[in-house]
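Printed here is entry.cif (mmCIF, C-alpha atoms):
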data_coords
#
loop_
_atom_site.label_atom_id
_atom_site.label_comp_id
_atom_site.auth_asym_id
_atom_site.auth_seq_id
_atom_site.Cartn_x
_atom_site.Cartn_y
_atom_site.Cartn_z
CA MET A 1 21.31 -37.37 -82.60
CA GLN A 2 20.03 -35.91 -79.36
CA GLY A 3 19.02 -32.57 -80.91
CA LEU A 4 18.72 -30.42 -84.01
CA LEU A 5 18.13 -26.86 -85.19
CA GLY A 6 14.80 -25.30 -85.97
CA LYS A 7 12.87 -22.09 -86.57
CA LYS A 8 9.93 -20.72 -84.58
CA ILE A 9 6.82 -20.51 -86.76
CA GLY A 10 4.24 -19.28 -84.26
CA MET A 11 1.84 -20.31 -81.52
CA LEU A 12 -1.61 -21.90 -81.52
CA ARG A 13 -4.13 -23.74 -79.38
CA TYR A 14 -3.79 -27.51 -79.54
CA PHE A 15 -6.53 -29.94 -78.52
CA ASP A 16 -5.41 -33.34 -77.26
CA GLU A 17 -7.31 -36.62 -77.60
CA ALA A 18 -9.40 -35.79 -74.52
CA GLY A 19 -10.43 -32.48 -76.07
CA SER A 20 -8.66 -30.28 -73.54
CA PRO A 21 -6.92 -27.20 -75.02
CA LYS A 22 -3.20 -26.57 -74.58
CA VAL A 23 -0.98 -23.67 -75.60
CA ALA A 24 1.56 -24.90 -78.15
CA THR A 25 4.42 -23.55 -80.23
CA VAL A 26 4.99 -24.68 -83.82
CA ILE A 27 8.65 -25.19 -84.72
CA GLU A 28 10.07 -26.01 -88.14
CA ALA A 29 12.63 -28.55 -86.92
CA GLY A 30 15.16 -29.51 -89.57
CA PRO A 31 16.03 -31.07 -91.82
CA CYS A 32 19.62 -30.49 -90.71
CA THR A 33 22.70 -31.58 -92.65
CA VAL A 34 25.82 -32.98 -91.00
CA VAL A 35 28.55 -30.60 -92.18
CA GLN A 36 31.44 -31.86 -90.04
CA VAL A 37 32.16 -34.69 -87.62
CA LYS A 38 34.76 -33.83 -84.98
CA THR A 39 36.68 -36.56 -83.18
CA ARG A 40 38.67 -36.64 -79.97
CA GLN A 41 41.83 -37.76 -81.79
CA ARG A 42 41.84 -34.90 -84.31
CA ASP A 43 39.95 -32.05 -82.60
CA GLY A 44 40.20 -32.88 -78.91
CA TYR A 45 36.49 -33.61 -78.43
CA ASP A 46 33.64 -35.48 -80.09
CA ALA A 47 30.95 -33.38 -81.74
CA VAL A 48 28.71 -33.17 -84.80
CA GLN A 49 28.30 -29.86 -86.65
CA LEU A 50 24.80 -29.44 -88.06
CA GLY A 51 23.72 -26.91 -90.68
CA PHE A 52 20.24 -25.49 -91.15
CA MET A 53 18.51 -23.33 -93.80
CA GLU A 54 20.12 -22.87 -97.18
CA ALA A 55 21.99 -19.62 -97.76
CA ARG A 56 22.78 -17.74 -100.95
CA GLU A 57 26.31 -18.33 -102.15
CA LYS A 58 26.85 -14.59 -102.65
CA ARG A 59 26.36 -14.05 -98.91
CA THR A 60 28.74 -16.86 -97.94
CA THR A 61 32.40 -16.04 -97.33
CA ARG A 62 35.13 -17.79 -99.30
CA PRO A 63 36.41 -19.79 -96.31
CA MET A 64 32.88 -20.99 -95.54
CA GLN A 65 32.33 -21.89 -99.20
CA GLY A 66 35.38 -24.14 -98.96
CA HIS A 67 34.06 -25.61 -95.72
CA PHE A 68 30.75 -26.54 -97.34
CA LYS A 69 32.46 -27.78 -100.52
CA LYS A 70 34.60 -30.12 -98.43
CA ALA A 71 31.42 -31.50 -96.88
CA ASN A 72 29.80 -31.72 -100.35
CA THR A 73 26.77 -29.72 -99.18
CA ALA A 74 25.10 -26.50 -100.26
CA PRO A 75 25.88 -23.31 -98.26
CA LEU A 76 23.87 -23.23 -95.05
CA ARG A 77 22.89 -20.22 -92.99
CA VAL A 78 23.19 -21.58 -89.43
CA LEU A 79 25.85 -23.92 -88.00
CA LYS A 80 25.80 -25.44 -84.54
CA GLU A 81 27.74 -28.21 -82.80
CA PHE A 82 26.06 -30.94 -80.78
CA ARG A 83 28.17 -33.14 -78.53
CA ASP A 84 25.48 -35.62 -77.53
CA PHE A 85 25.12 -38.25 -80.24
CA LYS A 86 25.26 -42.02 -80.53
CA GLY A 87 26.25 -44.34 -83.31
CA ALA A 88 28.12 -43.74 -86.55
CA ILE A 89 27.39 -40.41 -88.23
CA LYS A 90 29.08 -39.28 -91.42
CA THR A 91 29.22 -36.02 -93.35
CA GLY A 92 26.21 -35.37 -95.53
CA ASP A 93 23.69 -37.26 -93.41
CA GLN A 94 20.27 -35.71 -92.87
CA VAL A 95 18.83 -35.29 -89.36
CA LYS A 96 15.06 -34.86 -89.38
CA VAL A 97 12.30 -34.18 -86.90
CA ASP A 98 11.48 -37.88 -86.56
CA ILE A 99 14.21 -38.22 -83.90
CA PHE A 100 11.59 -36.88 -81.45
CA GLU A 101 8.58 -38.77 -80.15
CA VAL A 102 5.24 -37.60 -78.83
CA GLY A 103 5.24 -37.33 -75.05
CA GLU A 104 8.97 -36.89 -74.46
CA CYS A 105 10.46 -33.68 -73.06
CA VAL A 106 12.89 -31.37 -74.83
CA ASN A 107 14.97 -28.32 -73.98
CA VAL A 108 14.57 -25.35 -76.34
CA THR A 109 17.22 -22.62 -76.52
CA GLY A 110 16.90 -19.30 -78.36
CA VAL A 111 17.42 -15.56 -78.11
CA SER A 112 14.60 -13.78 -76.30
CA LYS A 113 12.80 -10.75 -77.70
CA GLY A 114 14.72 -7.48 -77.35
CA ARG A 115 12.70 -4.91 -75.39
CA GLY A 116 15.12 -2.02 -75.53
CA PHE A 117 15.78 0.33 -72.58
CA MET A 118 13.28 -0.49 -69.83
CA GLY A 119 12.69 0.92 -66.36
CA VAL A 120 12.88 -1.02 -63.12
CA VAL A 121 9.13 -1.65 -62.93
CA LYS A 122 9.02 -3.61 -66.19
CA ARG A 123 12.57 -4.95 -66.09
CA HIS A 124 12.74 -6.14 -62.47
CA LYS A 125 9.06 -6.06 -61.39
CA PHE A 126 9.57 -3.22 -58.86
CA SER A 127 6.38 -1.96 -57.25
CA GLY A 128 7.26 1.73 -57.63
CA GLY A 129 6.68 4.55 -55.17
CA PRO A 130 3.55 5.53 -53.25
CA LYS A 131 0.46 6.26 -55.31
CA SER A 132 -0.70 9.11 -53.09
CA HIS A 133 0.38 11.22 -50.06
CA GLY A 134 1.86 13.98 -52.16
CA GLN A 135 4.04 11.98 -54.54
CA SER A 136 4.56 13.72 -57.88
CA ASP A 137 7.23 11.98 -59.91
CA ARG A 138 8.22 8.85 -57.93
CA LEU A 139 5.53 6.50 -59.25
CA ARG A 140 7.86 4.25 -61.30
CA ALA A 141 11.19 5.30 -59.80
CA PRO A 142 13.60 2.73 -58.28
CA GLY A 143 13.98 4.53 -54.93
CA SER A 144 17.24 4.58 -52.99
CA ILE A 145 20.18 2.85 -54.71
CA GLY A 146 22.69 3.06 -51.86
CA SER A 147 23.53 4.19 -48.36
CA SER A 148 24.79 7.56 -47.15
CA SER A 149 28.17 7.80 -45.43
CA TYR A 150 28.91 4.10 -45.79
CA PRO A 151 29.79 2.53 -48.19
CA LYS A 152 29.64 5.81 -50.19
CA ARG A 153 29.14 3.95 -53.47
CA VAL A 154 26.65 1.86 -55.41
CA PHE A 155 27.20 -1.89 -55.28
CA LYS A 156 27.88 -3.75 -58.51
CA GLY A 157 24.97 -5.73 -59.88
CA LEU A 158 22.31 -3.52 -58.36
CA ARG A 159 19.02 -3.89 -60.19
CA MET A 160 18.47 -0.70 -62.18
CA ALA A 161 16.99 0.44 -65.49
CA GLY A 162 18.72 -0.76 -68.65
CA ARG A 163 18.45 -2.89 -71.76
CA MET A 164 16.02 -5.77 -71.44
CA GLY A 165 15.77 -8.95 -73.50
CA GLY A 166 17.91 -10.09 -76.39
CA GLU A 167 19.55 -12.76 -74.22
CA ARG A 168 20.14 -16.45 -74.76
CA LYS A 169 17.46 -18.35 -72.84
CA THR A 170 16.69 -22.04 -72.36
CA LEU A 171 13.29 -23.47 -71.46
CA ARG A 172 13.55 -26.99 -70.10
CA ASN A 173 11.23 -30.01 -70.07
CA LEU A 174 8.77 -28.86 -72.74
CA GLN A 175 6.48 -31.70 -73.73
CA VAL A 176 6.30 -32.76 -77.38
CA LEU A 177 2.61 -32.71 -78.37
CA LYS A 178 2.84 -33.67 -82.04
CA VAL A 179 5.40 -34.55 -84.72
CA VAL A 180 4.67 -33.99 -88.42
CA PRO A 181 7.57 -35.64 -90.32
CA ASP A 182 6.35 -34.87 -93.86
CA ARG A 183 6.30 -31.10 -93.11
CA ASN A 184 9.22 -31.05 -90.62
CA LEU A 185 7.00 -29.59 -87.90
CA LEU A 186 7.25 -30.05 -84.16
CA LEU A 187 4.60 -28.94 -81.66
CA VAL A 188 5.78 -28.36 -78.10
CA ARG A 189 3.67 -27.34 -75.13
CA GLY A 190 4.01 -23.74 -73.96
CA GLY A 191 6.09 -20.89 -75.34
CA VAL A 192 9.71 -20.78 -76.46
CA PRO A 193 12.20 -17.86 -76.46
CA GLY A 194 12.20 -15.32 -79.26
CA ALA A 195 9.88 -13.90 -81.88
CA ARG A 196 8.77 -15.58 -85.10
CA ASN A 197 11.56 -16.92 -87.34
CA THR A 198 13.96 -17.12 -84.37
CA ILE A 199 16.54 -19.89 -84.75
CA LEU A 200 16.17 -22.48 -81.98
CA GLU A 201 18.16 -25.39 -80.63
CA ILE A 202 15.99 -28.37 -79.66
CA CYS A 203 17.66 -31.00 -77.49
CA LYS A 204 16.32 -34.12 -75.82
#

Could I get this file's structure written as structure tokens?
Amino acid sequence: MQGLLGKKIGMLRYFDEAGSPKVATVIEAGPCTVVQVKTRQRDGYDAVQLGFMEAREKRTTRPMQGHFKKANTAPLRVLKEFRDFKGAIKTGDQVKVDIFEVGECVNVTGVSKGRGFMGVVKRHKFSGGPKSHGQSDRLRAPGSIGSSSYPKRVFKGLRMAGRMGGERKTLRNLQVLKVVPDRNLLLVRGGVPGARNTILEICK
């Protein structure tokens, strides 16, 4: 497998062998269960569906209970397909954090923190209005949003205030600092999207 699912645990300071500190994120990566193997002949494309984190059967729908029963696995909370894989993989196999090695780079995808309704200064890094010379209420205002007689409208996609965060983000080429197979932990350099307990996709 070229990737697996995980959960963000938190951040810490990691000291390498030379003693230099580095900002690191701790991820509980796997173990993931192969729930379904899709083939080009039957489904039109090759993919492996991985499941992560056990779910209570009461909160699993009847169709999904049948899906897990067919795979002979317990109900799982998160399902995700990965198309990049090599070799023979069958239903019920376990994918663990040992597929990663120290020093290699990974791409981490998750949903960023939701910030709610934000103004243009925080959302788009606007500088705001003048700080003096008689200004009263234009300090964090966006300023002009269009022209006068032409084009007599506001262009689509103009940067304005609105909801910020809560989007799917991918951080690329994060270095793997440490792998702890017995505890299913993965330490990557830098931050990753989302708050604690956010579900992440880690790909080579």

Residues picked by the PyMOL selection byres ((chain A and resi 203) around 10) here, as a VMD selection string? chain A and resid 1 to 5 82 84 100 105 to 109 172 to 173 200 to 202 204

Got a sec: who's within 9 Å of segment 137-153 of chain A, counting all atoms listed in the file, leaving out chain neighbours fewer than 2 positions off, as a VMD selection string? chain A and resid 119 to 121 126 to 131 135 155 158 to 161

Taking all atoms listed in the file into account, which of A:Arg83, A:Arg13, A:Arg59, A:Lys113 comes nearest Arg168 of chain A?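 Checking each of A:Arg83, A:Arg13, A:Arg59, A:Lys113 against Arg168 of chain A, counting all atoms listed in the file, the winner is A:Lys113.
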
Counting only C-alpha atoms, which residues of segment 177-204 of chain A fall within 6 Å of segment 18-32 of chain A, and what is the closest atom pair for each with its distance in Å at one decimal, ordered by chain and rising number, as JSON lines?
{"residue": "A:Asn184", "atom": "CA", "partner": "A:Ala29", "partner_atom": "CA", "distance": 5.6}
{"residue": "A:Leu185", "atom": "CA", "partner": "A:Glu28", "partner_atom": "CA", "distance": 4.7}
{"residue": "A:Leu186", "atom": "CA", "partner": "A:Ile27", "partner_atom": "CA", "distance": 5.1}
{"residue": "A:Leu187", "atom": "CA", "partner": "A:Val26", "partner_atom": "CA", "distance": 4.8}
{"residue": "A:Val188", "atom": "CA", "partner": "A:Thr25", "partner_atom": "CA", "distance": 5.4}
{"residue": "A:Arg189", "atom": "CA", "partner": "A:Ala24", "partner_atom": "CA", "distance": 4.4}
{"residue": "A:Gly190", "atom": "CA", "partner": "A:Ala24", "partner_atom": "CA", "distance": 5.0}
{"residue": "A:Gly191", "atom": "CA", "partner": "A:Thr25", "partner_atom": "CA", "distance": 5.8}

Can I get the selected residues back with C-alpha atoms, as a CSV table (one decimal), in the frame of the given file?
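File written: part_2.csv
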chain,number,residue,atom,x,y,z
A,184,ASN,CA,9.2,-31.0,-90.6
A,185,LEU,CA,7.0,-29.6,-87.9
A,186,LEU,CA,7.2,-30.0,-84.2
A,187,LEU,CA,4.6,-28.9,-81.7
A,188,VAL,CA,5.8,-28.4,-78.1
A,189,ARG,CA,3.7,-27.3,-75.1
A,190,GLY,CA,4.0,-23.7,-74.0
A,191,GLY,CA,6.1,-20.9,-75.3

Under the rule that all atoms listed in the file are counted, which of A:Gly157, A:Gly166, A:Lys86, A:Thr91 is the nearest residue to His67 of chain A?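 Residue with the minimum atom-to-atom distance to His67 of chain A: A:Thr91.
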
Residue with smallest distance to Ala74 of chain A - pool A:Arg40, A:His124, A:Arg56, A:Lys90, counting all atoms listed in the file: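 Closest candidate: A:Arg56.
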
Rank nothing, just name the residue among A:Gly6, A:Gly51, A:Gly165, A:Gly44 nearest to Glu81 of chain A, using only C-alpha atoms. A:Gly51

Centre and size of axis-aligned box enclosing segment 20-34 of chain A plus 4 Å each side, as lines of an AutoDock Vina configuration file:
center_x = 8.6
center_y = -28.3
center_z = -83.1
size_x = 42.5
size_y = 17.4
size_z = 27.1

Nearest candidate to Lys169 of chain A (options A:Ala88, A:Val35, A:Val154, A:Val111; using all atoms listed in the file): A:Val111

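At a cut-off of 7 Å from (20.8, -20.5, -92.0), the residue set is Phe52, Met53, Glu54, Ala55, Leu76, Arg77 and Val78 of chain A (counting only C-alpha atoms).
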
Using all atoms listed in the file, which residue out of A:Gly194, A:Pro75, A:Val176, A:Leu171 lies closest to Lys58 of chain A? A:Pro75

Work out how far atom CA of Gln49 of chain A is from atom CA of Pro193 of chain A, in Å to one decimal. 22.5 Å

Correct to one decimal, the distance atom CA of Gln94 of chain A-atom CA of Ala71 of chain A is 12.6 Å

For the provided coordinates, the residues matched by the PyMOL selection byres ((chain A and resi 10) around 7) should be stated as a VMD selection string. chain A and resid 8 to 9 11 to 12 25 to 26 196

Gap from atom CA of Ile99 of chain A to atom CA of Asn197 of chain A - Å, one decimal: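 Separating atom CA of Ile99 of chain A from atom CA of Asn197 of chain A is a distance of 21.7 Å.
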